[in-house]
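Enquirer: I am attaching a structure below and will ask some questions about it afterwards.
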There are 2 protein chains.
Amino acid sequence: MYELFFHKFNEKVNLSKEEEEVIKQHLTPKKLRKKQYLLQEGDVCKHIAFVEKGALKAYVVDDAGAESIIQFALEGWVISDLYSFLTGEPATYNIDALEDAELVLISKSAHEELLKKLPKYETYIRLQITGAYIALQKRLTSMISLPLEERYKNFLALYPNIAQRVPQHMIASYMGLTPETLSRVRSRMSSRK
Amino acid sequence: MYELFFHKFNEKVNLSKEEEEVIKQHLTPKKLRKKQYLLQEGDVCKHIAFVEKGALKAYVVDDAGAESIIQFALEGWVISDLYSFLTGEPATYNIDALEDAELVLISKSAHEELLKKLPKYETYIRLQITGAYIALQKRLTSMISLPLEERYKNFLALYPNIAQRVPQHMIASYMGLTPETLSRVRSRMSSRK
DNA sequence: TCCATTCATTGACAAAAGTCAATGGTTTTT
DNA sequence: AAAAACCATTGACTTTTGTCAATGAATGGA
């Protein structure tokens, strides 16, 4: 239990067995069936979720009911509405399962206690969020500076595993496009090659 | 010297006078004239820069020479090519001054020593990057989910001070638009009101 | 196995955004 | 003070993307 979680943790910060024990006591496992919500817009986000198995997405829904996908999370990734989690404000994101999933949850109180008790936990969080920030900055840079086709190629190169497991209309949504437009980009790419 | 830097620091994490002294010894002041570079694409980013005074921008330049602005930084903000700073890889961003500026620089070695010596510094960095992550996520969310006019209104509401000090074609660039398109959005907004 | 969904693709058309060029008003520089 | 550079706006036109509708393939449940 929690194998992948601690594997990833130890890649960033090396833990002794005793430290792993302390952390374990603050974790909660949770299983989610496909299409189940982890978080709904309007509720307060109570957890940071680490994905041991399966796949989830975070997204917003507009007035017309159209989804825009903010983030995917496969095995080894972390997902949450961080703003809601940290401030206690209602979430603006929905999070649900694309496939049956096994999660490791860290509650707000667990998070706060670990920050106090265990300096290595703070380091882990710092490194985790730094990586997420850099990845997000690259995504944004490619959004504002690259033509569509390049953006799509970048996506495929960066997340080949997502491209395989997730339907294309969700990738379109993640890129801020309609499914039709992404489909046409793809057909242009394959015909011109 | 460093007034704003420590003011902002203390808003996040409270420092004793002794701790402030330790940090001070790791800081370097730097002045930049308008249009001067702090960092050029291809060089390694050697510093995290805190803006005491003035305004800077980070941006990429495409093959055709067009700039896309990744980030603005006014007084109290931090700017850097974090990926290059942390990995030592060549920077993909350029950073230069929009106005004469006074900066507080933290070098790589200073950063690493402070992380080791001063737990509160790590906390400061964690909170800083968390705030930057959340802001970036909001920006991205609005990019993929909102119509242009809403995005522009959000920008004005969030950064009225940037809108005042920065030419509009740079705001267009920051939004991933041409100056003409932003101009037409604005004229539509004012005529329809 | 069959039926209902979900999905990707395509076509025709509409709307949005980009491009190019010109104008006039600022600001900056010399 | 004059000249140069910068900037925002507008018009005419092109290209890109979105919308709506239809089709056929694949998928998943009953």
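Going through the structure tokens in order, the chains are called A, B, and so on, while each chain numbers its residues from 1 and the ligands are numbered from 1 in the order shown.
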Contacts of DG24 (chain D) at 12 Å or less, counting only C-alpha atoms (C1' of nucleotides), minus same-chain residues fewer than 6 places along, as number ranges by chain?

Expert: C: 7-10

Enquirer: Enumerate as a PyMOL selection string the residues belonging to chain A that approach chain D to within 12 Å, with only C-alpha atoms (C1' of nucleotides) taken into account.

Expert: chain A and resi 147-148+176-182+184-185

Enquirer: Between CA of Pro119 (chain B) and CA of His26 (chain B), what is the distance, to one decimal in Å?

Expert: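 We find that CA of Pro119 (chain B) and CA of His26 (chain B) lie 14.9 Å from each other.
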
Enquirer: Counting only C-alpha atoms, a student should be able to say which residues of chain B come within 7 Å of chain A; what is the right answer, written as a tab-separated table (two decimals) with C-alpha atoms, in the first residue's frame?

Expert:
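The result, written out as part.tsv:
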chain	number	residue	atom	x	y	z
B	68	SER	CA	5.15	36.48	-26.47
B	70	ILE	CA	5.09	35.06	-20.29
B	83	TYR	CA	13.66	25.96	-14.88
B	126	ARG	CA	7.24	27.24	-0.77
B	129	ILE	CA	5.86	29.33	-5.53
B	130	THR	CA	2.47	28.10	-4.38
B	133	TYR	CA	1.28	28.29	-9.26
B	134	ILE	CA	-2.26	29.19	-8.30
B	140	LEU	CA	-4.56	29.16	-17.91
B	141	THR	CA	-8.11	28.34	-16.89
B	144	ILE	CA	-9.02	27.81	-22.25
B	145	SER	CA	-12.49	28.42	-20.89
B	175	MET	CA	-2.93	37.22	-23.74
B	176	GLY	CA	-1.67	35.50	-26.87

Enquirer: Which of region 64-160 of chain A counts as alpha helix (DSSP H) under DSSP, as a ChimeraX atom specification please?

Expert: /A:82-87,108-117,119-145,148-158,160

Enquirer: Can you tell me which residues surround Arg33 (chain A) at a distance of at most 12 Å, considering only C-alpha atoms (C1' of nucleotides), apart from same-chain residues fewer than 6 positions away, and format the answer as a ChimeraX atom specification?

Expert: /A:53-56,96-103

Enquirer: Store the residues picked out above in a file with N, CA and C atoms, as an mmCIF file, in the first residue's frame.

Expert:
data_model
loop_
_atom_site.group_PDB
_atom_site.id
_atom_site.type_symbol
_atom_site.label_atom_id
_atom_site.label_comp_id
_atom_site.auth_asym_id
_atom_site.auth_seq_id
_atom_site.Cartn_x
_atom_site.Cartn_y
_atom_site.Cartn_z
ATOM 1 N N LYS A 53 -3.139 4.622 -8.925
ATOM 2 C CA LYS A 53 -3.602 3.810 -10.046
ATOM 3 C C LYS A 53 -4.806 4.498 -10.693
ATOM 4 N N GLY A 54 -4.905 4.386 -12.025
ATOM 5 C CA GLY A 54 -6.058 4.980 -12.693
ATOM 6 C C GLY A 54 -5.749 6.358 -13.252
ATOM 7 N N ALA A 55 -6.809 7.090 -13.563
ATOM 8 C CA ALA A 55 -6.646 8.400 -14.200
ATOM 9 C C ALA A 55 -7.799 9.313 -13.817
ATOM 10 N N LEU A 56 -7.495 10.562 -13.552
ATOM 11 C CA LEU A 56 -8.521 11.559 -13.232
ATOM 12 C C LEU A 56 -8.327 12.808 -14.076
ATOM 13 N N ASP A 96 -12.921 14.358 -11.419
ATOM 14 C CA ASP A 96 -13.534 13.031 -11.434
ATOM 15 C C ASP A 96 -12.633 12.001 -12.095
ATOM 16 N N ALA A 97 -13.062 10.750 -12.009
ATOM 17 C CA ALA A 97 -12.220 9.648 -12.464
ATOM 18 C C ALA A 97 -12.504 9.298 -13.918
ATOM 19 N N LEU A 98 -11.454 9.233 -14.733
ATOM 20 C CA LEU A 98 -11.575 8.785 -16.121
ATOM 21 C C LEU A 98 -11.554 7.270 -16.203
ATOM 22 N N GLU A 99 -10.939 6.662 -15.202
ATOM 23 C CA GLU A 99 -10.878 5.203 -15.083
ATOM 24 C C GLU A 99 -10.989 4.897 -13.593
ATOM 25 N N ASP A 100 -11.338 3.673 -13.253
ATOM 26 C CA ASP A 100 -11.302 3.286 -11.850
ATOM 27 C C ASP A 100 -9.939 3.668 -11.293
ATOM 28 N N ALA A 101 -9.933 4.211 -10.079
ATOM 29 C CA ALA A 101 -8.672 4.765 -9.569
ATOM 30 C C ALA A 101 -8.458 4.441 -8.101
ATOM 31 N N GLU A 102 -7.190 4.370 -7.729
ATOM 32 C CA GLU A 102 -6.814 4.247 -6.317
ATOM 33 C C GLU A 102 -5.981 5.453 -5.941
ATOM 34 N N LEU A 103 -6.441 6.120 -4.898
ATOM 35 C CA LEU A 103 -5.807 7.382 -4.509
ATOM 36 C C LEU A 103 -5.218 7.301 -3.109
#

Enquirer: Smallest atom-to-atom distance to chain C: which of A:Leu114, A:Trp77, A:Arg188, A:His169, using only C-alpha atoms (C1' of nucleotides)?

Expert: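 Once distances to chain C are computed over only C-alpha atoms (C1' of nucleotides), the minimum belongs to A:His169.
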
Enquirer: Output as a ChimeraX atom specification the set of chain C residues within 10 Å of chain B, with distances taken over only C-alpha atoms (C1' of nucleotides).

Expert: /C:16-19
